[in-house]
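Coordinates as given in input.txt (compact mmCIF, C-alpha atoms):
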```txt
# COMPACT_ATOMS: atom_id res chain seq x y z
CA MET I 1 -29.81 3.56 -39.78
CA ARG I 2 -27.50 1.73 -37.39
CA ILE I 3 -24.72 3.08 -35.19
CA LEU I 4 -21.96 0.78 -33.89
CA LEU I 5 -19.74 2.13 -31.10
CA PHE I 6 -16.36 0.42 -30.70
CA THR I 7 -14.57 0.84 -27.39
CA GLY I 8 -12.20 -0.95 -25.05
CA LYS I 9 -9.13 -0.48 -22.91
CA GLY I 10 -6.42 1.60 -24.54
CA GLY I 11 -4.16 -0.38 -26.86
CA VAL I 12 -6.48 -3.35 -27.53
CA GLY I 13 -6.88 -2.54 -31.24
CA LYS I 14 -10.40 -1.07 -31.34
CA THR I 15 -9.51 1.40 -34.10
CA THR I 16 -8.34 -1.37 -36.43
CA LEU I 17 -11.45 -3.46 -35.76
CA ALA I 18 -13.79 -0.48 -36.19
CA ALA I 19 -12.14 0.32 -39.53
CA ALA I 20 -12.29 -3.36 -40.59
CA THR I 21 -15.99 -3.56 -39.70
CA ALA I 22 -16.73 -0.40 -41.67
CA ALA I 23 -14.88 -1.83 -44.67
CA ALA I 24 -16.91 -5.05 -44.42
CA LEU I 25 -20.20 -3.14 -44.25
CA ALA I 26 -19.29 -1.07 -47.32
CA GLY I 27 -18.28 -4.28 -49.08
CA ARG I 28 -21.81 -5.60 -48.52
CA GLY I 29 -23.29 -2.59 -50.30
CA ARG I 30 -24.07 -0.31 -47.34
CA LYS I 31 -23.21 3.38 -47.37
CA THR I 32 -20.92 3.50 -44.36
CA LEU I 33 -19.17 6.21 -42.38
CA VAL I 34 -16.47 5.39 -39.84
CA VAL I 35 -15.63 8.25 -37.52
CA SER I 36 -13.15 8.62 -34.65
CA THR I 37 -13.97 10.49 -31.43
CA ASP I 38 -10.73 9.34 -29.80
CA PRO I 39 -8.57 12.41 -28.99
CA ALA I 40 -5.51 10.33 -29.94
CA HIS I 41 -6.64 9.76 -33.52
CA SER I 42 -5.25 6.69 -35.28
CA LEU I 43 -8.03 6.02 -37.79
CA ALA I 44 -6.03 7.73 -40.54
CA ASP I 45 -3.09 5.44 -39.69
CA ALA I 46 -5.31 2.36 -40.02
CA PHE I 47 -6.39 3.37 -43.52
CA GLY I 48 -2.93 4.68 -44.42
CA ARG I 49 -4.27 8.00 -45.68
CA PRO I 50 -4.94 11.49 -44.26
CA LEU I 51 -8.38 12.21 -42.79
CA GLY I 52 -10.05 15.42 -41.66
CA ALA I 53 -13.03 16.51 -39.57
CA GLU I 54 -15.39 16.20 -42.54
CA PRO I 55 -16.03 12.80 -44.16
CA SER I 56 -13.79 11.93 -47.09
CA GLU I 57 -14.02 8.97 -49.45
CA VAL I 58 -11.85 5.95 -48.66
CA ASP I 59 -13.50 3.52 -51.06
CA THR I 60 -16.79 3.03 -52.87
CA LEU I 61 -19.55 3.44 -50.26
CA LEU I 62 -16.97 4.00 -47.49
CA HIS I 63 -16.13 7.38 -45.97
CA ALA I 64 -14.11 8.27 -42.87
CA ALA I 65 -13.55 11.26 -40.57
CA GLN I 66 -11.69 12.23 -37.40
CA ILE I 67 -13.68 14.60 -35.20
CA ASP I 68 -11.79 17.64 -33.93
CA SER I 69 -13.39 18.01 -30.49
CA ARG I 70 -11.04 20.83 -29.53
CA GLY I 71 -12.17 22.81 -32.55
CA LEU I 72 -15.82 22.20 -31.62
CA VAL I 73 -15.18 23.59 -28.14
CA ASP I 74 -13.61 26.71 -29.62
CA SER I 75 -16.55 27.30 -31.98
CA THR I 76 -19.88 25.67 -31.09
CA TRP I 77 -19.53 25.66 -27.30
CA ARG I 78 -18.24 29.24 -27.11
CA GLU I 79 -21.45 30.56 -28.70
CA LEU I 80 -23.76 28.37 -26.63
CA ARG I 81 -21.90 29.14 -23.42
CA GLN I 82 -22.42 32.86 -23.95
CA GLU I 83 -26.16 32.26 -24.37
CA LEU I 84 -26.26 30.18 -21.17
CA GLN I 85 -24.37 32.85 -19.25
CA PHE I 86 -26.91 35.42 -20.41
CA ALA I 87 -29.76 33.12 -19.35
CA LEU I 88 -28.22 32.53 -15.91
CA ALA I 89 -27.69 36.24 -15.42
CA GLY I 90 -31.36 36.73 -16.26
CA ALA I 91 -32.23 34.19 -13.57
CA GLY I 92 -30.62 36.42 -10.94
CA LEU I 93 -27.03 35.16 -10.84
CA ASP I 94 -24.15 37.57 -11.04
CA SER I 95 -21.65 37.30 -13.88
CA LEU I 96 -19.04 35.39 -11.85
CA ASP I 97 -21.52 32.67 -10.82
CA ALA I 98 -22.81 32.43 -14.37
CA GLU I 99 -19.25 31.99 -15.62
CA GLU I 100 -18.58 29.16 -13.16
CA LEU I 101 -21.84 27.30 -13.83
CA THR I 102 -21.22 27.15 -17.56
CA VAL I 103 -17.92 25.31 -17.15
CA VAL I 104 -19.18 21.79 -17.89
CA PRO I 105 -16.60 18.99 -17.41
CA GLY I 106 -16.27 16.76 -20.44
CA VAL I 107 -17.91 19.20 -22.83
CA ASP I 108 -15.40 18.24 -25.56
CA GLU I 109 -16.57 14.61 -25.42
CA LEU I 110 -20.19 15.78 -25.43
CA LEU I 111 -19.64 17.87 -28.52
CA ALA I 112 -17.87 14.97 -30.25
CA LEU I 113 -20.92 12.80 -29.62
CA THR I 114 -23.15 15.61 -30.88
CA GLU I 115 -21.10 15.73 -34.07
CA VAL I 116 -21.56 11.98 -34.53
CA GLN I 117 -25.32 12.51 -34.23
CA ARG I 118 -25.21 15.32 -36.79
CA LEU I 119 -23.27 13.23 -39.28
CA ALA I 120 -25.53 10.22 -38.72
CA GLU I 121 -28.81 12.10 -39.12
CA HIS I 122 -27.88 14.46 -41.95
CA GLY I 123 -25.57 12.32 -44.08
CA PRO I 124 -26.42 9.64 -46.65
CA TRP I 125 -25.07 6.86 -44.40
CA GLU I 126 -26.92 3.64 -43.66
CA THR I 127 -24.39 2.71 -41.00
CA VAL I 128 -22.10 4.80 -38.81
CA VAL I 129 -19.19 3.05 -37.08
CA VAL I 130 -17.66 5.05 -34.23
CA ASP I 131 -14.10 4.51 -33.02
CA CYS I 132 -14.52 5.77 -29.46
CA GLY I 133 -11.79 6.65 -26.98
CA PRO I 134 -10.52 4.24 -24.31
CA THR I 135 -13.14 2.75 -22.00
CA ALA I 136 -13.03 5.38 -19.24
CA GLU I 137 -13.45 8.25 -21.70
CA THR I 138 -16.23 6.41 -23.52
CA LEU I 139 -18.20 5.79 -20.34
CA ARG I 140 -17.95 9.47 -19.47
CA LEU I 141 -18.95 10.34 -23.02
CA LEU I 142 -22.03 8.11 -22.97
CA ALA I 143 -23.11 9.33 -19.52
CA LEU I 144 -22.91 13.03 -20.40
CA PRO I 145 -26.26 13.54 -22.18
CA GLU I 146 -28.18 12.32 -19.13
CA ALA I 147 -25.90 14.07 -16.63
CA VAL I 148 -25.91 17.46 -18.35
CA SER I 149 -29.66 17.27 -18.99
CA GLY I 150 -30.20 16.72 -15.28
CA TYR I 151 -27.84 19.59 -14.50
CA LEU I 152 -29.89 21.95 -16.67
CA THR I 153 -33.17 20.68 -15.23
CA ARG I 154 -32.02 21.51 -11.72
CA MET I 155 -30.95 24.99 -12.78
CA PHE I 156 -34.15 25.73 -14.68
CA LYS I 157 -37.44 24.21 -13.60
CA PRO I 158 -39.72 23.20 -16.51
CA GLY I 159 -41.94 26.10 -17.50
CA ALA I 160 -39.98 28.66 -15.50
CA ARG I 161 -40.61 32.16 -16.81
CA ARG I 162 -36.94 33.01 -17.19
CA THR I 163 -35.86 29.78 -18.85
CA ALA I 164 -33.81 30.82 -21.84
CA ALA I 165 -34.42 29.53 -25.35
CA ALA I 166 -30.81 28.36 -25.45
CA VAL I 167 -31.33 26.20 -22.36
CA ARG I 168 -34.54 24.69 -23.72
CA ARG I 169 -32.85 23.99 -27.04
CA LEU I 170 -29.83 22.37 -25.40
CA GLY I 171 -32.04 20.31 -23.10
CA ALA I 172 -34.12 19.03 -26.02
CA HIS I 173 -30.99 18.19 -27.96
CA LEU I 174 -29.48 16.27 -25.05
CA GLU I 175 -32.69 14.31 -24.64
CA SER I 176 -32.62 13.37 -28.33
CA LEU I 177 -28.98 12.33 -27.94
CA ARG I 178 -29.83 10.15 -24.94
CA THR I 179 -32.71 8.58 -26.86
CA LEU I 180 -30.41 7.82 -29.79
CA LEU I 181 -27.87 6.10 -27.54
CA THR I 182 -30.39 3.98 -25.64
CA ASP I 183 -32.43 2.79 -28.64
CA PRO I 184 -31.23 -0.79 -29.17
CA ALA I 185 -32.67 -0.82 -32.68
CA VAL I 186 -30.26 1.99 -33.60
CA THR I 187 -27.20 2.02 -31.33
CA THR I 188 -25.16 -0.85 -29.91
CA VAL I 189 -21.64 -1.23 -28.54
CA ARG I 190 -18.91 -3.66 -29.60
CA LEU I 191 -16.50 -4.12 -26.73
CA VAL I 192 -12.91 -4.94 -27.77
CA LEU I 193 -10.51 -6.69 -25.39
CA THR I 194 -7.36 -8.76 -25.45
CA PRO I 195 -7.21 -12.20 -23.75
CA GLU I 196 -5.63 -10.96 -20.53
CA ARG I 197 -7.24 -11.17 -17.10
CA VAL I 198 -6.76 -7.49 -16.23
CA VAL I 199 -8.37 -6.45 -19.53
CA VAL I 200 -11.26 -8.88 -19.09
CA ALA I 201 -11.87 -7.53 -15.58
CA GLU I 202 -12.20 -4.00 -16.96
CA ALA I 203 -14.47 -5.25 -19.75
CA ARG I 204 -16.82 -6.78 -17.18
CA ARG I 205 -17.03 -3.49 -15.30
CA THR I 206 -17.72 -1.74 -18.59
CA LEU I 207 -20.58 -4.13 -19.35
CA SER I 208 -22.16 -3.31 -15.98
CA SER I 209 -21.77 0.42 -16.46
CA LEU I 210 -23.25 0.37 -19.97
CA ALA I 211 -26.18 -1.73 -18.77
CA LEU I 212 -26.88 0.79 -15.99
CA ARG I 213 -27.15 3.48 -18.65
CA GLY I 214 -29.44 1.42 -20.84
CA ILE I 215 -26.89 1.08 -23.65
CA GLY I 216 -26.84 -2.30 -25.36
CA VAL I 217 -23.71 -4.38 -26.03
CA ASP I 218 -24.20 -6.76 -28.95
CA GLY I 219 -20.82 -8.47 -28.92
CA LEU I 220 -17.31 -8.85 -27.53
CA ILE I 221 -14.24 -9.08 -29.77
CA VAL I 222 -11.17 -10.78 -28.33
CA ASN I 223 -8.27 -9.37 -30.32
CA ARG I 224 -4.63 -10.45 -30.69
CA LEU I 225 -5.10 -14.12 -29.94
CA MET I 226 -1.81 -15.98 -30.51
CA PRO I 227 -1.97 -18.24 -33.59
CA ALA I 228 -1.93 -21.94 -32.78
CA PRO I 229 1.76 -23.06 -33.06
CA GLY I 230 0.88 -26.31 -34.84
CA PHE I 231 3.91 -28.51 -35.43
CA TRP I 232 6.55 -25.86 -34.93
CA ARG I 233 9.66 -26.78 -33.01
CA GLY I 234 12.10 -24.93 -30.80
CA ALA I 235 11.97 -22.28 -28.08
CA ALA I 236 9.70 -19.93 -30.06
CA ALA I 237 7.05 -22.64 -30.49
CA SER I 238 7.24 -23.47 -26.76
CA TRP I 239 6.70 -19.81 -25.89
CA MET I 240 3.74 -19.57 -28.29
CA ARG I 241 2.13 -22.71 -26.87
CA THR I 242 2.48 -21.37 -23.33
CA ARG I 243 1.08 -17.98 -24.28
CA ARG I 244 -1.83 -19.49 -26.22
CA ALA I 245 -2.63 -21.79 -23.27
CA GLN I 246 -2.86 -18.75 -20.98
CA GLN I 247 -5.13 -16.99 -23.45
CA ASN I 248 -7.33 -20.08 -23.80
CA ALA I 249 -7.72 -20.12 -20.02
CA VAL I 250 -9.01 -16.52 -20.15
CA LEU I 251 -11.43 -17.46 -22.95
CA ALA I 252 -12.64 -20.37 -20.81
CA GLU I 253 -13.30 -17.94 -17.95
CA LEU I 254 -15.39 -15.79 -20.29
CA ALA I 255 -17.35 -18.87 -21.37
CA ALA I 256 -17.89 -19.87 -17.73
CA ALA I 257 -19.22 -16.37 -17.05
CA GLY I 258 -21.92 -16.90 -19.66
CA PHE I 259 -20.33 -15.41 -22.76
CA GLY I 260 -20.88 -17.99 -25.48
CA PRO I 261 -19.34 -18.31 -28.95
CA ASP I 262 -22.10 -16.15 -30.48
CA GLU I 263 -21.11 -13.28 -28.19
CA VAL I 264 -17.28 -13.58 -28.26
CA LYS I 265 -15.47 -13.37 -31.58
CA PRO I 266 -11.69 -14.01 -31.69
CA VAL I 267 -9.19 -12.31 -33.97
CA GLU I 268 -5.63 -13.65 -34.22
CA HIS I 269 -2.54 -11.54 -33.75
CA ARG I 270 -0.70 -10.66 -36.92
CA ALA I 271 3.03 -10.48 -37.52
CA VAL I 272 2.61 -7.30 -39.59
CA GLU I 273 0.61 -4.28 -38.53
CA PRO I 274 -2.61 -4.18 -40.61
CA VAL I 275 -2.61 -0.92 -42.57
CA GLY I 276 -4.68 -0.15 -45.62
CA LEU I 277 -8.01 -1.33 -46.98
CA GLU I 278 -6.83 -4.75 -48.14
CA ALA I 279 -5.36 -5.67 -44.75
CA LEU I 280 -8.51 -4.42 -42.98
CA GLN I 281 -10.72 -6.51 -45.26
CA GLU I 282 -8.69 -9.61 -44.34
CA ILE I 283 -9.33 -8.92 -40.65
CA ALA I 284 -13.03 -8.37 -41.36
CA TYR I 285 -13.24 -11.77 -43.07
CA GLU I 286 -11.66 -13.49 -40.06
CA LEU I 287 -13.94 -11.59 -37.71
CA TYR I 288 -17.29 -12.07 -39.47
CA ARG I 289 -16.63 -15.09 -41.75
CA GLY I 290 -18.73 -13.57 -44.51
CA LEU I 291 -21.74 -12.93 -42.23
CA ASP I 292 -23.45 -9.57 -41.81
CA PRO I 293 -21.35 -7.44 -39.39
CA LEU I 294 -24.55 -5.84 -38.07
CA THR I 295 -25.92 -9.12 -36.71
CA GLY I 296 -24.05 -8.98 -33.39
CA ASN I 297 -25.00 -11.75 -30.98
CA GLY I 298 -28.59 -11.78 -32.24
CA LYS I 299 -30.06 -11.81 -28.72
CA GLY I 300 -31.24 -8.25 -28.57
CA VAL I 301 -30.97 -6.10 -25.43
CA THR I 302 -32.55 -7.07 -22.12
CA PRO I 303 -34.64 -4.22 -20.61
CA LEU I 304 -32.89 -2.58 -17.68
CA LEU I 305 -35.92 -2.96 -15.38
CA GLN I 306 -38.35 -5.86 -15.18
CA VAL I 307 -41.18 -6.00 -12.64
CA SER I 308 -42.99 -9.13 -11.46
CA GLU I 309 -45.38 -9.85 -8.59
CA SER I 310 -44.35 -11.86 -5.53
CA ASP I 311 -46.00 -13.09 -2.32
CA GLU I 312 -44.75 -9.95 -0.51
CA GLY I 313 -45.61 -7.50 -3.25
CA TYR I 314 -43.19 -7.01 -6.13
CA ARG I 315 -39.80 -8.11 -7.39
CA LEU I 316 -37.78 -5.63 -9.43
CA ARG I 317 -34.95 -7.03 -11.53
CA VAL I 318 -32.21 -4.60 -12.53
CA ALA I 319 -30.50 -6.27 -15.49
CA VAL I 320 -26.85 -5.47 -14.82
CA PRO I 321 -24.24 -8.16 -15.60
CA LEU I 322 -22.32 -9.00 -12.43
CA HIS I 323 -19.49 -11.34 -11.54
CA ARG I 324 -18.44 -12.78 -8.23
CA ASP I 325 -16.03 -9.92 -7.45
CA SER I 326 -18.45 -7.10 -8.27
CA GLU I 327 -18.90 -4.47 -5.58
CA VAL I 328 -22.59 -3.55 -5.43
CA ASP I 329 -24.40 -0.92 -3.39
CA LEU I 330 -28.13 -0.23 -3.38
CA ALA I 331 -30.03 2.66 -1.77
CA ARG I 332 -33.43 4.37 -1.98
CA VAL I 333 -33.35 8.10 -2.81
CA ASP I 334 -36.89 9.46 -2.86
CA ASP I 335 -38.52 7.93 -5.97
CA ASP I 336 -35.20 6.69 -7.33
CA LEU I 337 -33.11 3.61 -6.81
CA ALA I 338 -29.40 4.45 -6.48
CA VAL I 339 -27.42 1.54 -7.92
CA THR I 340 -23.63 1.48 -7.72
CA VAL I 341 -21.64 -1.30 -9.39
CA ASP I 342 -17.83 -1.28 -9.21
CA GLY I 343 -17.79 2.47 -8.64
CA PHE I 344 -20.29 3.36 -11.42
CA ARG I 345 -23.46 4.91 -9.97
CA ARG I 346 -26.80 5.68 -11.52
CA LEU I 347 -30.12 6.93 -10.17
CA ILE I 348 -32.87 4.81 -11.72
CA ALA I 349 -36.42 6.14 -11.55
CA LEU I 350 -38.70 3.54 -9.98
CA PRO I 351 -41.80 2.54 -11.97
CA GLU I 352 -44.82 4.45 -10.66
CA MET I 353 -46.46 1.34 -9.18
CA LEU I 354 -43.41 0.75 -6.96
CA ARG I 355 -43.00 4.26 -5.59
CA PRO I 356 -45.34 3.74 -2.59
CA CYS I 357 -43.49 0.52 -1.67
CA ARG I 358 -40.55 -0.01 0.64
CA ILE I 359 -37.49 -2.13 -0.03
CA THR I 360 -37.51 -5.34 2.01
CA GLY I 361 -34.49 -7.11 0.57
CA ALA I 362 -32.14 -7.56 -2.35
CA GLU I 363 -30.03 -10.31 -3.86
CA SER I 364 -27.82 -10.66 -6.90
CA ASP I 365 -26.88 -13.23 -9.48
CA ALA I 366 -24.93 -13.27 -12.73
CA HIS I 367 -27.80 -11.52 -14.52
CA GLY I 368 -28.24 -8.60 -12.14
CA LEU I 369 -29.98 -7.43 -8.98
CA VAL I 370 -33.36 -8.59 -7.72
CA VAL I 371 -34.97 -6.11 -5.32
CA SER I 372 -37.97 -7.13 -3.17
CA LEU I 373 -40.54 -4.44 -2.36
CA ALA I 374 -43.70 -4.52 -0.26
CA GLY I 375 -46.40 -2.32 1.32
CA ASN I 376 -46.29 1.45 1.56
CA ARG I 377 -43.06 3.32 1.45
CA GLY I 378 -41.14 3.24 4.68
CA PRO I 379 -37.50 3.28 5.69
CA GLY I 380 -35.71 1.32 3.02
```

Taking this structure as input, can you express it in the form of structure tokens?
Amino acid sequence: MRILLFTGKGGVGKTTLAAATAAALAGRGRKTLVVSTDPAHSLADAFGRPLGAEPSEVDTLLHAAQIDSRGLVDSTWRELRQELQFALAGAGLDSLDAEELTVVPGVDELLALTEVQRLAEHGPWETVVVDCGPTAETLRLLALPEAVSGYLTRMFKPGARRTAAAVRRLGAHLESLRTLLTDPAVTTVRLVLTPERVVVAEARRTLSSLALRGIGVDGLIVNRLMPAPGFWRGAAASWMRTRRAQQNAVLAELAAAGFGPDEVKPVEHRAVEPVGLEALQEIAYELYRGLDPLTGNGKGVTPLLQVSESDEGYRLRVAVPLHRDSEVDLARVDDDLAVTVDGFRRLIALPEMLRPCRITGAESDAHGLVVSLAGNRGPG
């Protein structure tokens, strides 16, 4: 089974491209489900037909659904929250504290992701295409399994006598969710952007944040590229040439940053909004040119951490894509490395062999951070 997550800045057309990709996969004979976790659902609009929370048939081998995260909060989370409150009360907290500790920010996004996992693992689908929310919501969504799991671990130490079955069950489920998201053989992200500098800047930050979380990106889709004006005449053609020249300059910047033609796929802007299966299949043909939509860039996912020996001791590479304007901060926190890139922070557990060492220096390049470590742990 494969899971493709489509995300990008709001308004870049990710829903249309997710739906088009799903249609292409079904057209190649794969049982495919496309599902929206975006609170502002527009997947039904793309197909031009009503959709509900449970998968419904759109075409042969193609089903679609729009997850009702609010409904999941009202049902699934209410029951689990009561169990957690009972567990916390059993650990010695009064009812008010237990009530406050079970208010988990972003639980609706977490439940939406849980529903995607349920549909993926218990349905007949070979491929699940997910139309995620805008970039900021998606990053919060993808970070939640690890964050909430850590939250529960701090509340309940492993093996503690009073650890509730509900907490153990939730913790195990969150770990399985995190594993699903970070397995590059199963889950990858397609990042959708438009050829505008402000959108590209956000896409670069998104790439760094996803890399920090160990989630692979197997391709970028540049949507709404102005068609080449050809031999047109008049003011409209002049405007189109100017606009296309600006967009080409942005594409050139992407190429200069190391994103080659295998990683960046363009899709031209259309005069008519693409609605319905036939229009989506036309977009899919332009996007994939008859090739397998699952192929991505074919390069695989670089491991987040790579260790090599040096004259001083060790060199630790943290594979996070950076650009010249990236703001990077690095700190040692006990046995973890705290890495912050453009405001996104993650604690990365150091490999066991490096824990006795101290940090002696760090440098960065387009491929990430290189941290030098030597000797026994000291101030670092």

Exercise. Would you work out the distance separating CA of Leu207 (chain I) from CA of Arg346 (chain I), expressed in Å to one decimal?
Key: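 Between CA of Leu207 (chain I) and CA of Arg346 (chain I) the gap is 14.0 Å.
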
Quiz item: region 197-203 of chain I: which residues within 10 Å, counting only C-alpha atoms, same-chain residues fewer than 6 positions away excluded, as JSON, numbers by chain?
Solution: {"I": [7, 8, 9, 10, 12, 135, 136, 191, 209, 220, 222, 246, 247, 249, 250, 251, 253, 254, 323, 325, 326, 342]}

Self-check item: Separation of CA of Arg270 (chain I) from CA of Asn223 (chain I) in Å
Solution: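 For CA of Asn223 (chain I) relative to CA of Arg270 (chain I), the distance reads 10.1 Å.
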
Quiz item: Do you have the CA of Leu180 (chain I)-CA of Val128 (chain I) distance handy?
Solution: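 According to the coordinates, CA of Leu180 (chain I) and CA of Val128 (chain I) are separated by 12.6 Å.
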
Practice problem: Rank nothing, just name the residue among I:Glu146, I:Asp336, I:Glu327, I:Asp68 nearest to Arg205 (chain I), using all atoms listed in the file. | Solution: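 Residue with the minimum atom-to-atom distance to Arg205 (chain I): I:Glu327.
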
Practice problem: Find the spatial neighbours of Gln281 (chain I), counting all atoms listed in the file, within a cut-off of 9 Å - ignore same-chain residues fewer than 6 positions away - and output them as a ChimeraX atom specification. | Solution: /I:20-21,23-24,27

For the selection you just gave me, I'd like the residues written to a file as a short mmCIF file (atom, residue, chain, number, x, y, z; two decimals), keeping the file's coordinate frame, keeping C-alpha atoms.
```cif
data_model
loop_
_atom_site.label_atom_id
_atom_site.label_comp_id
_atom_site.auth_asym_id
_atom_site.auth_seq_id
_atom_site.Cartn_x
_atom_site.Cartn_y
_atom_site.Cartn_z
CA ALA I 20 -12.29 -3.36 -40.59
CA THR I 21 -15.99 -3.56 -39.70
CA ALA I 23 -14.88 -1.83 -44.67
CA ALA I 24 -16.91 -5.05 -44.42
CA GLY I 27 -18.28 -4.28 -49.08
#
```

Do you know which residues are at most 12 Å from Glu121 (chain I) counting all atoms listed in the file, after dropping those on the same chain fewer than 4 positions away, and could you put them as an mmCIF file with C-alpha atoms, in the frame of the given file?
```cif
data_model
loop_
_atom_site.group_PDB
_atom_site.id
_atom_site.type_symbol
_atom_site.label_atom_id
_atom_site.label_comp_id
_atom_site.auth_asym_id
_atom_site.auth_seq_id
_atom_site.Cartn_x
_atom_site.Cartn_y
_atom_site.Cartn_z
ATOM 1 C CA MET I 1 -29.810 3.560 -39.780
ATOM 2 C CA ARG I 2 -27.500 1.730 -37.390
ATOM 3 C CA ILE I 3 -24.720 3.080 -35.190
ATOM 4 C CA LEU I 33 -19.170 6.210 -42.380
ATOM 5 C CA THR I 114 -23.150 15.610 -30.880
ATOM 6 C CA GLU I 115 -21.100 15.730 -34.070
ATOM 7 C CA VAL I 116 -21.560 11.980 -34.530
ATOM 8 C CA GLN I 117 -25.320 12.510 -34.230
ATOM 9 C CA TRP I 125 -25.070 6.860 -44.400
ATOM 10 C CA GLU I 126 -26.920 3.640 -43.660
ATOM 11 C CA THR I 127 -24.390 2.710 -41.000
ATOM 12 C CA VAL I 128 -22.100 4.800 -38.810
ATOM 13 C CA SER I 176 -32.620 13.370 -28.330
ATOM 14 C CA LEU I 177 -28.980 12.330 -27.940
ATOM 15 C CA LEU I 180 -30.410 7.820 -29.790
ATOM 16 C CA VAL I 186 -30.260 1.990 -33.600
#
```

Self-check item: Protein and nucleic acid residues near (-2.6, 0.7, -45.1) (cut-off 8 Å, only C-alpha atoms) as a PyMOL selection string
Solution: chain I and resi 45-49+274-279
